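Structure file run.cif (mmCIF, C-alpha atoms and all ligand atoms) is printed below.
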```
data_work
loop_
_atom_site.label_atom_id
_atom_site.label_comp_id
_atom_site.auth_asym_id
_atom_site.auth_seq_id
_atom_site.Cartn_x
_atom_site.Cartn_y
_atom_site.Cartn_z
CA MET A 100 19.62 -2.41 -3.93
CA PHE A 101 16.24 -0.76 -4.51
CA ARG A 102 15.23 0.08 -0.95
CA VAL A 103 11.57 -0.34 0.00
CA ALA A 104 10.00 0.84 3.28
CA VAL A 105 6.58 -0.67 4.01
CA LEU A 106 4.02 1.10 6.23
CA VAL A 107 1.39 -1.10 7.88
CA SER A 108 -1.41 -1.00 10.46
CA GLY A 109 -2.82 -4.50 10.73
CA GLY A 110 -2.56 -8.08 9.56
CA GLY A 111 0.07 -7.45 6.94
CA THR A 112 -1.00 -9.94 4.27
CA ASN A 113 0.07 -7.47 1.58
CA LEU A 114 3.42 -7.08 3.32
CA GLN A 115 3.67 -10.90 3.29
CA ALA A 116 2.99 -10.96 -0.44
CA ILE A 117 5.90 -8.56 -1.02
CA ILE A 118 8.18 -10.56 1.32
CA ASP A 119 7.28 -13.76 -0.58
CA ARG A 120 7.98 -12.24 -4.01
CA VAL A 121 11.32 -10.85 -2.81
CA LYS A 122 12.21 -14.31 -1.43
CA ASP A 123 11.22 -16.25 -4.55
CA GLY A 124 13.28 -14.01 -6.82
CA SER A 125 10.35 -12.29 -8.57
CA LEU A 126 11.65 -8.87 -7.52
CA PRO A 127 15.38 -8.90 -8.33
CA GLY A 128 17.35 -6.10 -6.68
CA VAL A 129 14.49 -5.18 -4.34
CA GLY A 130 14.96 -5.24 -0.56
CA ILE A 131 12.50 -4.39 2.21
CA VAL A 132 14.63 -2.30 4.55
CA ARG A 133 12.12 -1.34 7.23
CA VAL A 134 8.51 -1.97 8.23
CA ILE A 135 6.82 0.88 10.10
CA SER A 136 3.57 0.39 11.99
CA ASN A 137 1.33 2.91 13.74
CA ASN A 138 0.12 0.07 15.92
CA ALA A 139 2.47 -1.87 18.21
CA GLY A 140 0.16 -4.92 18.16
CA ALA A 141 -0.02 -5.24 14.36
CA TYR A 142 0.60 -8.82 13.20
CA ALA A 143 2.46 -7.28 10.29
CA LEU A 144 5.33 -6.57 12.72
CA THR A 145 5.54 -10.30 13.52
CA ARG A 146 5.68 -11.04 9.79
CA ALA A 147 8.55 -8.55 9.46
CA LYS A 148 10.41 -10.10 12.39
CA ASN A 149 9.94 -13.62 10.98
CA ALA A 150 11.45 -12.42 7.70
CA GLY A 151 14.40 -10.75 9.47
CA ILE A 152 13.23 -7.23 8.58
CA GLU A 153 13.55 -4.36 11.03
CA GLY A 154 10.14 -3.32 12.38
CA VAL A 155 9.44 -0.06 14.19
CA THR A 156 6.31 1.39 15.75
CA VAL A 157 5.40 5.06 15.52
CA SER A 158 2.09 5.40 17.30
CA PRO A 159 0.05 8.62 17.40
CA LYS A 160 -0.80 7.69 21.00
CA GLU A 161 2.79 8.38 22.01
CA TYR A 162 2.78 11.97 20.76
CA GLU A 163 1.00 14.95 22.23
CA THR A 164 0.08 16.48 18.90
CA ARG A 165 -0.47 15.30 15.34
CA GLU A 166 2.44 17.50 14.24
CA LEU A 167 4.83 15.67 16.57
CA PHE A 168 3.55 12.29 15.33
CA ASN A 169 3.94 13.42 11.72
CA LYS A 170 7.53 14.49 12.41
CA ALA A 171 8.34 11.17 14.09
CA LEU A 172 6.84 9.24 11.17
CA LEU A 173 8.85 11.27 8.67
CA ARG A 174 12.00 10.63 10.72
CA ALA A 175 11.32 6.87 10.85
CA VAL A 176 10.89 6.81 7.07
CA LYS A 177 13.95 8.97 6.33
CA GLU A 178 16.21 6.82 8.55
CA ALA A 179 15.51 3.92 6.17
CA SER A 180 16.65 5.96 3.10
CA PRO A 181 13.94 4.39 0.95
CA ASP A 182 13.72 4.55 -2.83
CA LEU A 183 10.03 3.67 -2.51
CA ILE A 184 7.49 3.83 0.33
CA VAL A 185 4.69 1.27 0.17
CA LEU A 186 1.46 1.77 2.10
CA ALA A 187 0.27 -1.79 2.63
CA GLY A 188 -2.90 -1.40 4.67
CA PHE A 189 -1.59 1.74 6.41
CA LEU A 190 -4.74 3.33 7.76
CA VAL A 191 -3.31 6.65 8.87
CA THR A 192 -3.56 9.92 6.93
CA ILE A 193 -0.17 10.46 5.36
CA PRO A 194 1.40 13.71 6.56
CA PRO A 195 1.70 16.30 3.75
CA GLU A 196 5.39 16.78 4.60
CA LEU A 197 6.02 13.09 3.80
CA ILE A 198 4.23 13.43 0.45
CA ARG A 199 6.23 16.57 -0.40
CA GLU A 200 9.50 14.84 0.54
CA TYR A 201 8.81 11.79 -1.65
CA PRO A 202 6.86 12.89 -4.76
CA ASP A 203 5.85 9.90 -6.91
CA ARG A 204 7.73 7.64 -4.52
CA ILE A 205 4.84 6.60 -2.26
CA ILE A 206 2.36 3.96 -3.45
CA ASN A 207 -0.82 2.62 -1.87
CA ILE A 208 -2.94 -0.49 -2.37
CA HIS A 209 -6.68 0.12 -2.27
CA PRO A 210 -9.24 -2.71 -2.30
CA SER A 211 -11.53 -1.46 -5.08
CA LEU A 212 -11.33 -0.25 -8.66
CA ILE A 213 -10.72 3.47 -8.08
CA PRO A 214 -12.67 5.78 -8.55
CA SER A 215 -15.34 3.43 -7.17
CA PHE A 216 -15.58 2.97 -3.41
CA CYS A 217 -12.71 5.21 -2.39
CA GLY A 218 -12.21 8.42 -0.45
CA LYS A 219 -13.46 9.29 3.02
CA GLY A 220 -14.51 6.30 5.14
CA CYS A 221 -13.56 3.80 2.43
CA TYR A 222 -10.92 1.55 3.92
CA GLY A 223 -10.61 -2.11 4.83
CA LEU A 224 -13.86 -4.03 5.12
CA HIS A 225 -16.00 -0.87 4.59
CA VAL A 226 -14.98 -0.83 0.95
CA HIS A 227 -16.44 -4.29 0.38
CA GLU A 228 -19.58 -3.47 2.39
CA LYS A 229 -20.19 -0.51 0.08
CA ALA A 230 -19.52 -2.55 -3.06
CA LEU A 231 -22.04 -5.21 -1.95
CA ALA A 232 -24.59 -2.57 -0.89
CA ARG A 233 -24.37 -1.03 -4.39
CA GLY A 234 -24.67 -4.42 -6.02
CA VAL A 235 -21.70 -4.16 -8.36
CA LYS A 236 -20.84 -7.37 -10.21
CA VAL A 237 -17.16 -6.55 -10.59
CA THR A 238 -14.81 -5.01 -8.06
CA GLY A 239 -11.04 -5.34 -7.68
CA ALA A 240 -7.96 -3.54 -6.42
CA THR A 241 -5.85 -0.55 -7.41
CA VAL A 242 -2.24 0.43 -6.81
CA HIS A 243 -1.72 4.17 -7.11
CA PHE A 244 0.79 6.86 -6.28
CA VAL A 245 -0.07 8.89 -3.21
CA ASN A 246 -0.66 12.60 -3.57
CA GLU A 247 -2.22 15.10 -1.19
CA GLY A 248 -5.77 14.00 -2.07
CA LEU A 249 -7.51 10.89 -0.76
CA ASP A 250 -7.10 7.89 -3.12
CA SER A 251 -6.70 10.38 -5.96
CA GLY A 252 -3.10 9.89 -7.09
CA PRO A 253 -2.06 8.48 -10.50
CA ILE A 254 -3.20 4.87 -10.99
CA ILE A 255 -0.41 2.37 -11.65
CA LEU A 256 -2.17 -1.02 -11.84
CA GLN A 257 -5.70 -2.33 -11.43
CA LYS A 258 -7.12 -5.85 -11.44
CA PRO A 259 -10.81 -6.78 -11.57
CA VAL A 260 -12.40 -9.45 -9.38
CA ALA A 261 -15.91 -10.91 -9.77
CA VAL A 262 -18.53 -10.39 -7.06
CA GLU A 263 -20.53 -13.59 -6.50
CA ASP A 264 -24.05 -14.21 -5.25
CA GLY A 265 -24.06 -14.70 -1.50
CA ASP A 266 -20.77 -12.86 -0.90
CA THR A 267 -20.29 -11.35 2.53
CA PRO A 268 -17.86 -8.44 2.97
CA GLU A 269 -15.37 -10.87 4.50
CA ILE A 270 -15.61 -13.38 1.63
CA LEU A 271 -15.28 -10.61 -0.94
CA GLN A 272 -12.34 -9.05 0.91
CA LYS A 273 -10.50 -12.39 0.87
CA ARG A 274 -11.16 -12.90 -2.86
CA VAL A 275 -9.99 -9.37 -3.70
CA MET A 276 -6.81 -9.90 -1.69
CA GLU A 277 -6.04 -13.31 -3.21
CA GLN A 278 -6.96 -12.52 -6.80
CA ALA A 279 -5.83 -8.89 -7.00
CA GLU A 280 -4.03 -7.16 -4.12
CA TRP A 281 -1.33 -9.74 -3.46
CA ILE A 282 -0.57 -9.86 -7.18
CA ILE A 283 -0.60 -6.23 -8.28
CA LEU A 284 1.18 -4.70 -5.26
CA PRO A 285 4.44 -6.69 -5.72
CA ARG A 286 4.09 -6.26 -9.50
CA ALA A 287 3.89 -2.47 -9.17
CA ILE A 288 6.97 -2.45 -6.93
CA GLY A 289 8.84 -4.47 -9.56
CA LEU A 290 7.81 -2.11 -12.37
CA ILE A 291 8.92 0.94 -10.38
CA ALA A 292 12.20 -0.72 -9.35
CA GLU A 293 12.90 -1.44 -13.03
CA GLY A 294 12.35 2.26 -13.77
CA ARG A 295 9.43 1.51 -16.09
CA VAL A 296 6.76 3.74 -14.51
CA SER A 297 6.53 7.41 -15.40
CA VAL A 298 3.89 10.00 -14.56
CA GLU A 299 2.74 12.70 -16.94
CA ASN A 300 -0.15 15.07 -16.15
CA GLY A 301 -1.52 12.71 -13.49
CA ILE A 302 -1.45 9.65 -15.76
CA THR A 303 1.08 6.85 -15.45
CA HIS A 304 2.80 5.20 -18.39
CA ILE A 305 4.41 1.79 -18.16
CA ALA A 306 7.35 1.23 -20.49
CA PRO A 307 7.83 -2.21 -22.04
CA LYS A 308 10.40 -4.50 -20.47
CA LYS A 309 13.91 -3.82 -21.70
CA GLN A 310 15.24 -6.64 -23.89
CA GLY A 311 18.43 -8.53 -23.09
C1 LIG A 401 -6.06 -4.40 2.47
O1 LIG A 401 -7.25 -4.93 1.94
C2 LIG A 401 -5.77 -3.05 1.83
O2 LIG A 401 -6.14 -2.99 0.49
C3 LIG A 401 -6.65 -2.15 2.68
O3 LIG A 401 -6.44 -2.63 4.00
C4 LIG A 401 -6.21 -4.04 3.94
C5 LIG A 401 -4.96 -4.35 4.73
O4 LIG A 401 -4.76 -5.75 4.83
N1 LIG A 401 -6.26 -0.79 2.54
C6 LIG A 401 -7.15 0.22 2.49
O5 LIG A 401 -8.33 0.06 2.62
C7 LIG A 401 -6.55 1.60 2.24
N2 LIG A 401 -7.55 2.55 1.93
P1 LIG A 401 -3.33 -6.36 5.19
O6 LIG A 401 -2.87 -5.67 6.48
O7 LIG A 401 -3.63 -7.81 5.41
O8 LIG A 401 -2.40 -6.12 4.04
#
```
Can you present the structure in this file as structure tokens?
Amino acid sequence: MFRVAVLVSGGGTNLQAIIDRVKDGSLPGVGIVRVISNNAGAYALTRAKNAGIEGVTVSPKEYETRELFNKALLRAVKEASPDLIVLAGFLVTIPPELIREYPDRIINIHPSLIPSFCGKGCYGLHVHEKALARGVKVTGATVHFVNEGLDSGPIILQKPVAVEDGDTPEILQKRVMEQAEWIILPRAIGLIAEGRVSVENGITHIAPKKQG
């Protein structure tokens, strides 16, 4: 089995999209082995429970220092022996030791077409507020590998979504999730599980599907 650990902070609709694609057979050989949340109240944990997946909370509030939290998070990930770590709305800075331990094995979903509307302060609804404030006509979502920079790792998949007149950040967020995030995140996991994604000089290459 290709073991996936999913890190979450909130509602968990991206986690749900992965659960649904595993269930409907779109991701053969893939299993979600653990969901880790930094927030005990995250609805994502309920989604994990409903799907029979182990959920654990590692909250910074429970640790005296950031270093101790980082260590606990690394431990919670390692215990799951993941082949891939998926940040699905995980709004915590990833500890450098985790990135060093899992090079090119951590992916993140971001709700814009990187390099637009990413980096410091660009997460969740803020991303859509900024896109609307700039007046772009097309936005979208990006799945990328996580490196030590912010939203700067190699891009795996992107999908554009139209911005429409009268959009609010909430309406745009929903459209980007439905038309892009929930599609490309499971797809990227499938491509990686099939061994089709390679990284060379910061650029990813996706090999064609093997025949037979
Ligand atoms: C998603 O829109 C995801 O792209 C975004 O948080 C939301 C989580 O929703 N992530 C970021 O902004 C990361 N920079 P979910 O909990 O329903 O999946």
At a cut-off of 9 Å from (-14.7, -10.3, -8.5) in the coordinates of the file, what residues are picked up using all atoms listed in the file, written as an mmCIF file with C-alpha atoms, in the frame of the given file?
```cif
data_model
loop_
_atom_site.group_PDB
_atom_site.id
_atom_site.type_symbol
_atom_site.label_atom_id
_atom_site.label_comp_id
_atom_site.auth_asym_id
_atom_site.auth_seq_id
_atom_site.Cartn_x
_atom_site.Cartn_y
_atom_site.Cartn_z
ATOM 1 C CA LYS A 236 -20.840 -7.370 -10.210
ATOM 2 C CA VAL A 237 -17.160 -6.550 -10.590
ATOM 3 C CA THR A 238 -14.810 -5.010 -8.060
ATOM 4 C CA GLY A 239 -11.040 -5.340 -7.680
ATOM 5 C CA PRO A 259 -10.810 -6.780 -11.570
ATOM 6 C CA VAL A 260 -12.400 -9.450 -9.380
ATOM 7 C CA ALA A 261 -15.910 -10.910 -9.770
ATOM 8 C CA VAL A 262 -18.530 -10.390 -7.060
ATOM 9 C CA GLU A 263 -20.530 -13.590 -6.500
ATOM 10 C CA LEU A 271 -15.280 -10.610 -0.940
ATOM 11 C CA ARG A 274 -11.160 -12.900 -2.860
ATOM 12 C CA VAL A 275 -9.990 -9.370 -3.700
ATOM 13 C CA GLN A 278 -6.960 -12.520 -6.800
#
```
Residue nearest A:Lys219 among A:Leu190, A:Val242, A:Ile270, A:Leu126 (counting only C-alpha atoms):
A:Leu190
For chain A versus ligand LIG 401 (chain A), which residues have an atom no more than 7 Å away, and what is each residue's nearest atom pair and distance in Å rounded to one decimal, using only C-alpha atoms and all ligand atoms, chain-then-number order, as a tab-separated table?
```
residue	atom	partner	partner_atom	distance
A:Val107	CA	A:LIG401	O6	6.4
A:Ser108	CA	A:LIG401	O6	6.3
A:Gly109	CA	A:LIG401	O6	4.4
A:Gly110	CA	A:LIG401	O6	3.9
A:Gly111	CA	A:LIG401	O6	3.5
A:Thr112	CA	A:LIG401	O7	3.6
A:Asn113	CA	A:LIG401	O8	3.7
A:Leu114	CA	A:LIG401	O8	5.9
A:Ala143	CA	A:LIG401	O6	6.7
A:Ala187	CA	A:LIG401	O8	5.3
A:Gly188	CA	A:LIG401	C5	3.6
A:Phe189	CA	A:LIG401	C7	6.5
A:Leu190	CA	A:LIG401	C7	6.1
A:Ile208	CA	A:LIG401	O2	5.0
A:His209	CA	A:LIG401	O2	4.2
A:Pro210	CA	A:LIG401	O2	4.2
A:Cys221	CA	A:LIG401	N2	6.2
A:Tyr222	CA	A:LIG401	O5	3.3
A:Gly223	CA	A:LIG401	O5	3.8
A:Val226	CA	A:LIG401	O5	6.9
A:Gln272	CA	A:LIG401	O1	6.6
A:Met276	CA	A:LIG401	O1	6.2
A:Glu280	CA	A:LIG401	O2	6.6
```
Output C-alpha atoms for every residue in that selection, as a short mmCIF file (atom, residue, chain, number, x, y, z; two decimals), in the coordinates of the input.
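Below you can see selection.cif, which holds the result:
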```cif
data_model
loop_
_atom_site.label_atom_id
_atom_site.label_comp_id
_atom_site.auth_asym_id
_atom_site.auth_seq_id
_atom_site.Cartn_x
_atom_site.Cartn_y
_atom_site.Cartn_z
CA VAL A 107 1.39 -1.10 7.88
CA SER A 108 -1.41 -1.00 10.46
CA GLY A 109 -2.82 -4.50 10.73
CA GLY A 110 -2.56 -8.08 9.56
CA GLY A 111 0.07 -7.45 6.94
CA THR A 112 -1.00 -9.94 4.27
CA ASN A 113 0.07 -7.47 1.58
CA LEU A 114 3.42 -7.08 3.32
CA ALA A 143 2.46 -7.28 10.29
CA ALA A 187 0.27 -1.79 2.63
CA GLY A 188 -2.90 -1.40 4.67
CA PHE A 189 -1.59 1.74 6.41
CA LEU A 190 -4.74 3.33 7.76
CA ILE A 208 -2.94 -0.49 -2.37
CA HIS A 209 -6.68 0.12 -2.27
CA PRO A 210 -9.24 -2.71 -2.30
CA CYS A 221 -13.56 3.80 2.43
CA TYR A 222 -10.92 1.55 3.92
CA GLY A 223 -10.61 -2.11 4.83
CA VAL A 226 -14.98 -0.83 0.95
CA GLN A 272 -12.34 -9.05 0.91
CA MET A 276 -6.81 -9.90 -1.69
CA GLU A 280 -4.03 -7.16 -4.12
#
```
Find the residues near stretch 151-159 of chain A: any atom within 6 Å, counting only C-alpha atoms, skip ones fewer than 6 places away on the same chain, and give them as an mmCIF file with C-alpha atoms, in the frame of the given file.
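The resulting around.cif:
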```cif
data_model
loop_
_atom_site.group_PDB
_atom_site.id
_atom_site.type_symbol
_atom_site.label_atom_id
_atom_site.label_comp_id
_atom_site.auth_asym_id
_atom_site.auth_seq_id
_atom_site.Cartn_x
_atom_site.Cartn_y
_atom_site.Cartn_z
ATOM 1 C CA ARG A 133 12.120 -1.340 7.230
ATOM 2 C CA VAL A 134 8.510 -1.970 8.230
ATOM 3 C CA ILE A 135 6.820 0.880 10.100
ATOM 4 C CA SER A 136 3.570 0.390 11.990
ATOM 5 C CA ASN A 137 1.330 2.910 13.740
ATOM 6 C CA ASN A 138 0.120 0.070 15.920
ATOM 7 C CA ALA A 139 2.470 -1.870 18.210
ATOM 8 C CA LEU A 144 5.330 -6.570 12.720
ATOM 9 C CA PHE A 168 3.550 12.290 15.330
#
```
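In terms of minimum interatomic distance to A:Leu290, A:Leu183 ranks closest within A:Val235, A:Leu183, A:Val132, A:Leu249, counting only C-alpha atoms.
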Kindly indicate which residue among A:Val245, A:Ile282, A:Ala147, A:Ala171 lies nearest to A:Pro202, using only C-alpha atoms for the distances.
A:Val245
Pairwise distance for atom CA of A:Phe244 and atom CA of A:Val129, rounded to one decimal in Å:
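So the two atoms, atom CA of A:Phe244 and atom CA of A:Val129, lie 18.3 Å apart.
Across the model, the gap from atom CA of A:Lys273 to atom CA of A:His225 is 13.3 Å.
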Return as a Markdown table the residues of stretch 176-263 of chain A lying at most 9 Å from stretch 297-304 of chain A, together with the closest atom-to-atom pair for each and the distance in Å to one decimal, counting all atoms listed in the file, with rows in chain order and ascending residue number.
```
| residue | atom | partner | partner_atom | distance |
| --- | --- | --- | --- | --- |
| A:Asp203 | CA | A:Val298 | CA | 7.9 |
| A:Gly252 | CA | A:Gly301 | CA | 7.2 |
| A:Pro253 | CA | A:Gly301 | CA | 5.2 |
| A:Ile254 | CA | A:Thr303 | CA | 6.5 |
| A:Ile255 | CA | A:Thr303 | CA | 6.1 |
```
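Proximity to A:Pro127 was assessed for A:Ile305, A:Ala292, A:Ile213, A:Val105 counting all atoms listed in the file; the smallest distance is recorded for A:Ala292.
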If I take atom CA of A:Leu172 and atom CA of A:Ile184, how far is one from the other in Å, to one decimal?
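Straight-line distance from atom CA of A:Leu172 to atom CA of A:Ile184 works out to 12.1 Å.
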Any idea what's packed within 6 Å of stretch 173-182 of chain A, counting only C-alpha atoms, ignoring anything in its chain fewer than 2 positions away? Could you give it as a list in words?
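After dropping sequence-adjacent residues, the list is Arg102, Val103, Ala104, Lys170, Ala171 and Leu197 of chain A.
When all atoms listed in the file are used to compute distances to A:Pro194, the closest of the residues A:Glu163, A:Glu228, A:Glu293, A:Glu247 turns out to be A:Glu247.
Minimum distance to A:Arg233 across A:Arg286, A:Lys122, A:Glu161, A:Phe216 (counting all atoms listed in the file) occurs at A:Phe216.
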Residues within 10 Å of (7.5, -10.3, -6.1), counting only C-alpha atoms, listed as a PyMOL selection string
chain A and resi 116-127+129+281-289
Could you pull stretch 102-113 of chain A out of the block above and save it with all heavy atoms, as a short mmCIF file (atom, residue, chain, number, x, y, z; two decimals), in the first residue's frame?
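Final output, saved to out05.cif:
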```cif
data_model
loop_
_atom_site.label_atom_id
_atom_site.label_comp_id
_atom_site.auth_asym_id
_atom_site.auth_seq_id
_atom_site.Cartn_x
_atom_site.Cartn_y
_atom_site.Cartn_z
N ARG A 102 1.30 4.63 1.39
CA ARG A 102 0.77 5.17 2.65
C ARG A 102 0.78 6.70 2.64
O ARG A 102 1.84 7.32 2.47
CB ARG A 102 1.62 4.66 3.82
CG ARG A 102 1.63 3.15 3.92
CD ARG A 102 2.67 2.69 4.94
NE ARG A 102 2.35 3.15 6.29
CZ ARG A 102 1.55 2.54 7.12
NH1 ARG A 102 0.97 1.40 6.77
NH2 ARG A 102 1.33 3.03 8.32
N VAL A 103 -0.40 7.28 2.84
CA VAL A 103 -0.53 8.74 2.81
C VAL A 103 -0.93 9.24 4.21
O VAL A 103 -1.89 8.74 4.81
CB VAL A 103 -1.59 9.17 1.78
CG1 VAL A 103 -1.82 10.68 1.83
CG2 VAL A 103 -1.16 8.75 0.37
N ALA A 104 -0.19 10.23 4.71
CA ALA A 104 -0.58 10.93 5.94
C ALA A 104 -1.08 12.30 5.53
O ALA A 104 -0.46 12.97 4.68
CB ALA A 104 0.61 11.06 6.89
N VAL A 105 -2.22 12.72 6.06
CA VAL A 105 -2.81 14.00 5.68
C VAL A 105 -2.80 14.94 6.88
O VAL A 105 -3.25 14.57 7.97
CB VAL A 105 -4.25 13.82 5.15
CG1 VAL A 105 -4.82 15.15 4.66
CG2 VAL A 105 -4.29 12.79 4.01
N LEU A 106 -2.26 16.14 6.69
CA LEU A 106 -2.19 17.15 7.76
C LEU A 106 -3.24 18.22 7.49
O LEU A 106 -3.33 18.74 6.36
CB LEU A 106 -0.79 17.76 7.82
CG LEU A 106 0.26 16.99 8.66
CD1 LEU A 106 0.40 15.55 8.24
CD2 LEU A 106 1.61 17.69 8.62
N VAL A 107 -4.03 18.53 8.50
CA VAL A 107 -5.19 19.42 8.34
C VAL A 107 -5.25 20.44 9.48
O VAL A 107 -4.63 20.23 10.54
CB VAL A 107 -6.50 18.60 8.35
CG1 VAL A 107 -6.58 17.65 7.18
CG2 VAL A 107 -6.64 17.83 9.66
N SER A 108 -6.05 21.50 9.26
CA SER A 108 -6.29 22.47 10.34
C SER A 108 -7.76 22.79 10.50
O SER A 108 -8.17 23.31 11.53
CB SER A 108 -5.57 23.80 10.04
OG SER A 108 -4.18 23.63 9.99
N GLY A 109 -8.57 22.57 9.47
CA GLY A 109 -9.93 23.10 9.51
C GLY A 109 -10.99 22.14 9.02
O GLY A 109 -11.10 21.00 9.45
N GLY A 110 -11.77 22.63 8.05
CA GLY A 110 -12.96 21.92 7.60
C GLY A 110 -12.69 20.58 6.93
O GLY A 110 -13.52 19.67 6.99
N GLY A 111 -11.58 20.46 6.26
CA GLY A 111 -11.19 19.18 5.71
C GLY A 111 -11.91 18.77 4.44
O GLY A 111 -12.03 17.57 4.15
N THR A 112 -12.35 19.75 3.63
CA THR A 112 -13.02 19.34 2.38
C THR A 112 -12.02 18.71 1.41
O THR A 112 -12.39 17.82 0.64
CB THR A 112 -13.74 20.52 1.69
OG1 THR A 112 -12.79 21.50 1.28
CG2 THR A 112 -14.79 21.14 2.60
N ASN A 113 -10.78 19.15 1.45
CA ASN A 113 -9.77 18.50 0.59
C ASN A 113 -9.46 17.09 1.08
O ASN A 113 -9.28 16.18 0.27
CB ASN A 113 -8.49 19.35 0.52
CG ASN A 113 -8.63 20.49 -0.47
OD1 ASN A 113 -8.62 20.27 -1.68
ND2 ASN A 113 -8.81 21.70 0.03
#
```
